[in-house]
file final08.pdb (PDB, C-alpha atoms)
ATOM      1  CA  MET A   1      -0.365 -25.345  21.903  1.00  0.00           C
ATOM      2  CA  ARG A   2       2.221 -27.021  24.143  1.00  0.00           C
ATOM      3  CA  VAL A   3       3.494 -30.557  23.440  1.00  0.00           C
ATOM      4  CA  LYS A   4       6.013 -32.587  25.451  1.00  0.00           C
ATOM      5  CA  ILE A   5       8.562 -34.580  23.449  1.00  0.00           C
ATOM      6  CA  ARG A   6      10.396 -37.538  24.957  1.00  0.00           C
ATOM      7  CA  SER A   7      13.406 -38.734  23.008  1.00  0.00           C
ATOM      8  CA  PHE A   8      15.152 -42.093  23.040  1.00  0.00           C
ATOM      9  CA  ALA A   9      18.242 -43.578  21.374  1.00  0.00           C
ATOM     10  CA  GLU A  10      19.759 -41.352  18.650  1.00  0.00           C
ATOM     11  CA  PHE A  11      17.032 -38.752  19.055  1.00  0.00           C
ATOM     12  CA  ARG A  12      18.099 -38.106  22.646  1.00  0.00           C
ATOM     13  CA  ASN A  13      21.585 -37.101  21.462  1.00  0.00           C
ATOM     14  CA  ILE A  14      20.030 -34.251  19.471  1.00  0.00           C
ATOM     15  CA  LEU A  15      16.952 -33.230  21.450  1.00  0.00           C
ATOM     16  CA  GLY A  16      17.847 -34.284  24.969  1.00  0.00           C
ATOM     17  CA  LYS A  17      15.735 -36.586  27.123  1.00  0.00           C
ATOM     18  CA  GLU A  18      12.631 -34.421  27.257  1.00  0.00           C
ATOM     19  CA  ILE A  19      11.568 -31.030  25.920  1.00  0.00           C
ATOM     20  CA  ASP A  20       8.406 -28.978  25.942  1.00  0.00           C
ATOM     21  CA  THR A  21       7.680 -27.132  22.740  1.00  0.00           C
ATOM     22  CA  ASP A  22       5.101 -24.584  21.725  1.00  0.00           C
ATOM     23  CA  LEU A  23       3.371 -24.879  18.377  1.00  0.00           C
ATOM     24  CA  PRO A  24       1.796 -21.787  16.851  1.00  0.00           C
ATOM     25  CA  GLY A  25      -1.965 -21.778  16.493  1.00  0.00           C
ATOM     26  CA  ASP A  26      -4.594 -24.173  17.707  1.00  0.00           C
ATOM     27  CA  VAL A  27      -4.447 -26.733  14.893  1.00  0.00           C
ATOM     28  CA  ALA A  28      -1.380 -28.849  14.210  1.00  0.00           C
ATOM     29  CA  VAL A  29      -0.541 -32.413  13.242  1.00  0.00           C
ATOM     30  CA  VAL A  30       2.422 -34.655  14.047  1.00  0.00           C
ATOM     31  CA  GLY A  31       4.057 -33.835  10.699  1.00  0.00           C
ATOM     32  CA  ASP A  32       3.986 -30.104  11.531  1.00  0.00           C
ATOM     33  CA  LEU A  33       5.754 -30.770  14.811  1.00  0.00           C
ATOM     34  CA  LEU A  34       8.402 -32.970  13.187  1.00  0.00           C
ATOM     35  CA  ASN A  35       9.045 -30.358  10.476  1.00  0.00           C
ATOM     36  CA  MET A  36       9.449 -27.679  13.131  1.00  0.00           C
ATOM     37  CA  LEU A  37      11.871 -29.871  15.073  1.00  0.00           C
ATOM     38  CA  CYS A  38      13.909 -30.570  11.929  1.00  0.00           C
ATOM     39  CA  ARG A  39      14.068 -26.865  11.157  1.00  0.00           C
ATOM     40  CA  ASP A  40      15.325 -26.129  14.684  1.00  0.00           C
ATOM     41  CA  HIS A  41      17.627 -29.204  14.826  1.00  0.00           C
ATOM     42  CA  PRO A  42      18.953 -29.941  11.292  1.00  0.00           C
ATOM     43  CA  LEU A  43      20.762 -33.135  12.401  1.00  0.00           C
ATOM     44  CA  LEU A  44      17.376 -34.629  13.242  1.00  0.00           C
ATOM     45  CA  GLU A  45      16.023 -34.664   9.690  1.00  0.00           C
ATOM     46  CA  PRO A  46      18.095 -37.597   8.316  1.00  0.00           C
ATOM     47  CA  LEU A  47      17.203 -39.640  11.401  1.00  0.00           C
ATOM     48  CA  LEU A  48      13.467 -39.104  10.826  1.00  0.00           C
ATOM     49  CA  PHE A  49      13.084 -38.882   7.061  1.00  0.00           C
ATOM     50  CA  ARG A  50      14.413 -40.581   3.938  1.00  0.00           C
ATOM     51  CA  LYS A  51      13.434 -39.220   0.525  1.00  0.00           C
ATOM     52  CA  GLY A  52      10.764 -37.051   2.130  1.00  0.00           C
ATOM     53  CA  ARG A  53       9.053 -39.956   3.904  1.00  0.00           C
ATOM     54  CA  LEU A  54       9.183 -41.030   7.529  1.00  0.00           C
ATOM     55  CA  ARG A  55      11.834 -43.727   7.898  1.00  0.00           C
ATOM     56  CA  GLU A  56      10.538 -47.255   8.506  1.00  0.00           C
ATOM     57  CA  ASP A  57      12.831 -47.713  11.518  1.00  0.00           C
ATOM     58  CA  VAL A  58      11.284 -44.737  13.349  1.00  0.00           C
ATOM     59  CA  ASN A  59       8.503 -45.275  15.856  1.00  0.00           C
ATOM     60  CA  ILE A  60       6.482 -42.316  17.052  1.00  0.00           C
ATOM     61  CA  PHE A  61       3.998 -42.631  19.874  1.00  0.00           C
ATOM     62  CA  LEU A  62       1.442 -39.975  20.711  1.00  0.00           C
ATOM     63  CA  SER A  63       0.118 -40.268  24.247  1.00  0.00           C
ATOM     64  CA  GLY A  64       1.005 -43.975  24.253  1.00  0.00           C
ATOM     65  CA  LYS A  65      -0.370 -44.884  20.802  1.00  0.00           C
ATOM     66  CA  ASN A  66       1.743 -45.530  17.716  1.00  0.00           C
ATOM     67  CA  ILE A  67       0.871 -42.910  15.096  1.00  0.00           C
ATOM     68  CA  ASP A  68       0.812 -45.733  12.509  1.00  0.00           C
ATOM     69  CA  SER A  69      -2.423 -46.915  14.155  1.00  0.00           C
ATOM     70  CA  LEU A  70      -3.815 -43.381  14.079  1.00  0.00           C
ATOM     71  CA  GLN A  71      -3.475 -41.006  11.114  1.00  0.00           C
ATOM     72  CA  SER A  72       0.319 -41.252  10.773  1.00  0.00           C
ATOM     73  CA  LEU A  73       1.888 -37.815  10.167  1.00  0.00           C
ATOM     74  CA  GLN A  74      -1.601 -36.298   9.806  1.00  0.00           C
ATOM     75  CA  THR A  75      -2.524 -37.247  13.389  1.00  0.00           C
ATOM     76  CA  PRO A  76      -3.894 -34.133  15.099  1.00  0.00           C
ATOM     77  CA  LEU A  77      -2.144 -32.782  18.180  1.00  0.00           C
ATOM     78  CA  ALA A  78      -3.817 -31.306  21.239  1.00  0.00           C
ATOM     79  CA  ASP A  79      -2.483 -29.083  23.975  1.00  0.00           C
ATOM     80  CA  GLY A  80      -0.715 -31.227  26.583  1.00  0.00           C
ATOM     81  CA  ASP A  81      -0.027 -34.204  24.299  1.00  0.00           C
ATOM     82  CA  GLU A  82       3.147 -36.234  24.779  1.00  0.00           C
ATOM     83  CA  LEU A  83       5.099 -37.447  21.763  1.00  0.00           C
ATOM     84  CA  ALA A  84       7.805 -40.132  22.065  1.00  0.00           C
ATOM     85  CA  LEU A  85      10.473 -40.715  19.398  1.00  0.00           C
ATOM     86  CA  PHE A  86      12.131 -44.163  19.173  1.00  0.00           C
ATOM     87  CA  THR A  87      14.200 -46.077  16.712  1.00  0.00           C
ATOM     88  CA  ALA A  88      13.023 -49.622  16.093  1.00  0.00           C
ATOM     89  CA  ALA A  89      14.929 -52.384  17.828  1.00  0.00           C
ATOM     90  CA  ILE A  90      16.523 -54.431  15.070  1.00  0.00           C
ATOM     91  CA  GLY A  91      18.491 -57.613  15.411  1.00  0.00           C
ATOM     92  CA  GLY A  92      18.325 -60.736  17.447  1.00  0.00           C
TER
END
call {"tool": "encode", "arguments": {"input": "final08.pdb", "output": "structure tokens"}}
result
Amino acid sequence: MRVKIRSFAEFRNILGKEIDTDLPGDVAVVGDLLNMLCRDHPLLEPLLFRKGRLREDVNIFLSGKNIDSLQSLQTPLADGDELALFTAAIGG
């Protein structure tokens, strides 16, 4: 399964602007993809996770929809999906 990842802010410094990645098998969820990315890019993990949970200041969109409105890290992925990683805009 092939998924495109678009990175913004701090994530772009580690992953680059856009990458295509292959996930093994036909069944995967967003959490699987993030774990694979963290394994391949260790500096990414503290930007995504705190105490084993997705950080509150991280926004992840799957094909234009925030995963919080879907099934969060258990949101299924499909071949050709696009995932976007953002940090929340904080401040005024």
call {"tool": "resolve_selection", "arguments": {"input": "final08.pdb", "expression": "the PyMOL selection byres ((chain A and resi 31-34) around 12)", "output": "mmCIF file with C-alpha atoms, in the coordinates of the input"}}
result
data_model
loop_
_atom_site.group_PDB
_atom_site.id
_atom_site.type_symbol
_atom_site.label_atom_id
_atom_site.label_comp_id
_atom_site.auth_asym_id
_atom_site.auth_seq_id
_atom_site.Cartn_x
_atom_site.Cartn_y
_atom_site.Cartn_z
ATOM 1 C CA MET A 1 -0.365 -25.345 21.903
ATOM 2 C CA ARG A 2 2.221 -27.021 24.143
ATOM 3 C CA VAL A 3 3.494 -30.557 23.440
ATOM 4 C CA LYS A 4 6.013 -32.587 25.451
ATOM 5 C CA ILE A 5 8.562 -34.580 23.449
ATOM 6 C CA PHE A 11 17.032 -38.752 19.055
ATOM 7 C CA LEU A 15 16.952 -33.230 21.450
ATOM 8 C CA ASP A 20 8.406 -28.978 25.942
ATOM 9 C CA THR A 21 7.680 -27.132 22.740
ATOM 10 C CA ASP A 22 5.101 -24.584 21.725
ATOM 11 C CA LEU A 23 3.371 -24.879 18.377
ATOM 12 C CA PRO A 24 1.796 -21.787 16.851
ATOM 13 C CA GLY A 25 -1.965 -21.778 16.493
ATOM 14 C CA VAL A 27 -4.447 -26.733 14.893
ATOM 15 C CA ALA A 28 -1.380 -28.849 14.210
ATOM 16 C CA VAL A 29 -0.541 -32.413 13.242
ATOM 17 C CA VAL A 30 2.422 -34.655 14.047
ATOM 18 C CA ASN A 35 9.045 -30.358 10.476
ATOM 19 C CA MET A 36 9.449 -27.679 13.131
ATOM 20 C CA LEU A 37 11.871 -29.871 15.073
ATOM 21 C CA CYS A 38 13.909 -30.570 11.929
ATOM 22 C CA ARG A 39 14.068 -26.865 11.157
ATOM 23 C CA ASP A 40 15.325 -26.129 14.684
ATOM 24 C CA HIS A 41 17.627 -29.204 14.826
ATOM 25 C CA PRO A 42 18.953 -29.941 11.292
ATOM 26 C CA LEU A 44 17.376 -34.629 13.242
ATOM 27 C CA GLU A 45 16.023 -34.664 9.690
ATOM 28 C CA PRO A 46 18.095 -37.597 8.316
ATOM 29 C CA LEU A 47 17.203 -39.640 11.401
ATOM 30 C CA LEU A 48 13.467 -39.104 10.826
ATOM 31 C CA PHE A 49 13.084 -38.882 7.061
ATOM 32 C CA GLY A 52 10.764 -37.051 2.130
ATOM 33 C CA ARG A 53 9.053 -39.956 3.904
ATOM 34 C CA LEU A 54 9.183 -41.030 7.529
ATOM 35 C CA ILE A 60 6.482 -42.316 17.052
ATOM 36 C CA LEU A 62 1.442 -39.975 20.711
ATOM 37 C CA ILE A 67 0.871 -42.910 15.096
ATOM 38 C CA GLN A 71 -3.475 -41.006 11.114
ATOM 39 C CA SER A 72 0.319 -41.252 10.773
ATOM 40 C CA LEU A 73 1.888 -37.815 10.167
ATOM 41 C CA GLN A 74 -1.601 -36.298 9.806
ATOM 42 C CA THR A 75 -2.524 -37.247 13.389
ATOM 43 C CA PRO A 76 -3.894 -34.133 15.099
ATOM 44 C CA LEU A 77 -2.144 -32.782 18.180
ATOM 45 C CA ALA A 78 -3.817 -31.306 21.239
ATOM 46 C CA ASP A 81 -0.027 -34.204 24.299
ATOM 47 C CA GLU A 82 3.147 -36.234 24.779
ATOM 48 C CA LEU A 83 5.099 -37.447 21.763
ATOM 49 C CA ALA A 84 7.805 -40.132 22.065
ATOM 50 C CA LEU A 85 10.473 -40.715 19.398
#
call {"tool": "resolve_selection", "arguments": {"input": "final08.pdb", "expression": "the PyMOL selection byres ((chain A and resi 58) around 6)", "output": "list in words"}}
result
Arg55, Glu56, Asp57, Asn59, Phe86, Thr87 and Ala88 of chain A
call {"tool": "atom_distance", "arguments": {"input": "final08.pdb", "atom1": "CA of Lys51 in chain A", "atom2": "CA of Lys65 in chain A"}}
result
25.2 Å
call {"tool": "atom_distance", "arguments": {"input": "final08.pdb", "atom1": "CA of Gly16 in chain A", "atom2": "CA of Leu43 in chain A"}}
result
13.0 Å
call {"tool": "atom_distance", "arguments": {"input": "final08.pdb", "atom1": "CA of Lys17 in chain A", "atom2": "CA of Ser69 in chain A"}}
result
24.6 Å
call {"tool": "axis_aligned_box", "arguments": {"input": "final08.pdb", "around": "range 70-80 of chain A", "padding_each_side": "3 Å", "output": "JSON"}}
result
{"center_x": -1.0, "center_y": -36.2, "center_z": 18.2, "size_x": 11.8, "size_y": 20.3, "size_z": 22.8}
call {"tool": "build_atoms", "arguments": {"input": "final08.pdb", "residues": "range 72-88 of chain A", "atoms": "N, CA, C and O atoms", "output": "compact mmCIF listing (two decimals), in the coordinates of the input"}}
result
# COMPACT_ATOMS: atom_id res chain seq x y z
N SER A 72 -1.09 -41.43 11.14
CA SER A 72 0.32 -41.25 10.77
C SER A 72 0.73 -39.79 10.98
O SER A 72 0.43 -39.21 12.03
N LEU A 73 1.40 -39.19 10.02
CA LEU A 73 1.89 -37.82 10.17
C LEU A 73 0.76 -36.79 10.19
O LEU A 73 0.96 -35.65 10.60
N GLN A 74 -0.44 -37.20 9.78
CA GLN A 74 -1.60 -36.30 9.81
C GLN A 74 -2.40 -36.39 11.11
O GLN A 74 -3.47 -35.80 11.23
N THR A 75 -1.86 -37.12 12.10
CA THR A 75 -2.52 -37.25 13.39
C THR A 75 -2.58 -35.89 14.08
O THR A 75 -1.54 -35.25 14.28
N PRO A 76 -3.77 -35.43 14.43
CA PRO A 76 -3.89 -34.13 15.10
C PRO A 76 -3.25 -34.13 16.49
O PRO A 76 -3.26 -35.15 17.19
N LEU A 77 -2.71 -32.99 16.85
CA LEU A 77 -2.14 -32.78 18.18
C LEU A 77 -3.09 -31.92 19.00
O LEU A 77 -3.81 -31.09 18.46
N ALA A 78 -3.04 -32.12 20.32
CA ALA A 78 -3.82 -31.31 21.24
C ALA A 78 -2.89 -30.78 22.32
O ALA A 78 -1.85 -31.37 22.61
N ASP A 79 -3.27 -29.67 22.90
CA ASP A 79 -2.48 -29.08 23.98
C ASP A 79 -2.28 -30.12 25.08
O ASP A 79 -3.22 -30.79 25.50
N GLY A 80 -1.03 -30.29 25.51
CA GLY A 80 -0.72 -31.23 26.58
C GLY A 80 -0.35 -32.62 26.11
O GLY A 80 -0.02 -33.48 26.94
N ASP A 81 -0.41 -32.88 24.82
CA ASP A 81 -0.03 -34.20 24.30
C ASP A 81 1.44 -34.49 24.59
O ASP A 81 2.25 -33.57 24.76
N GLU A 82 1.77 -35.79 24.64
CA GLU A 82 3.15 -36.23 24.78
C GLU A 82 3.50 -37.09 23.57
O GLU A 82 2.79 -38.04 23.24
N LEU A 83 4.61 -36.74 22.93
CA LEU A 83 5.10 -37.45 21.76
C LEU A 83 6.41 -38.13 22.14
O LEU A 83 7.28 -37.49 22.73
N ALA A 84 6.57 -39.39 21.80
CA ALA A 84 7.80 -40.13 22.06
C ALA A 84 8.42 -40.57 20.75
O ALA A 84 7.73 -41.08 19.87
N LEU A 85 9.72 -40.35 20.61
CA LEU A 85 10.47 -40.72 19.40
C LEU A 85 11.42 -41.86 19.73
O LEU A 85 12.25 -41.73 20.62
N PHE A 86 11.29 -42.97 18.99
CA PHE A 86 12.13 -44.16 19.17
C PHE A 86 12.69 -44.61 17.83
O PHE A 86 12.06 -44.38 16.80
N THR A 87 13.79 -45.31 17.87
CA THR A 87 14.20 -46.08 16.71
C THR A 87 13.81 -47.51 16.98
O THR A 87 13.80 -47.96 18.13
N ALA A 88 13.45 -48.23 15.95
CA ALA A 88 13.02 -49.62 16.09
C ALA A 88 14.20 -50.48 16.55
O ALA A 88 15.33 -50.28 16.11
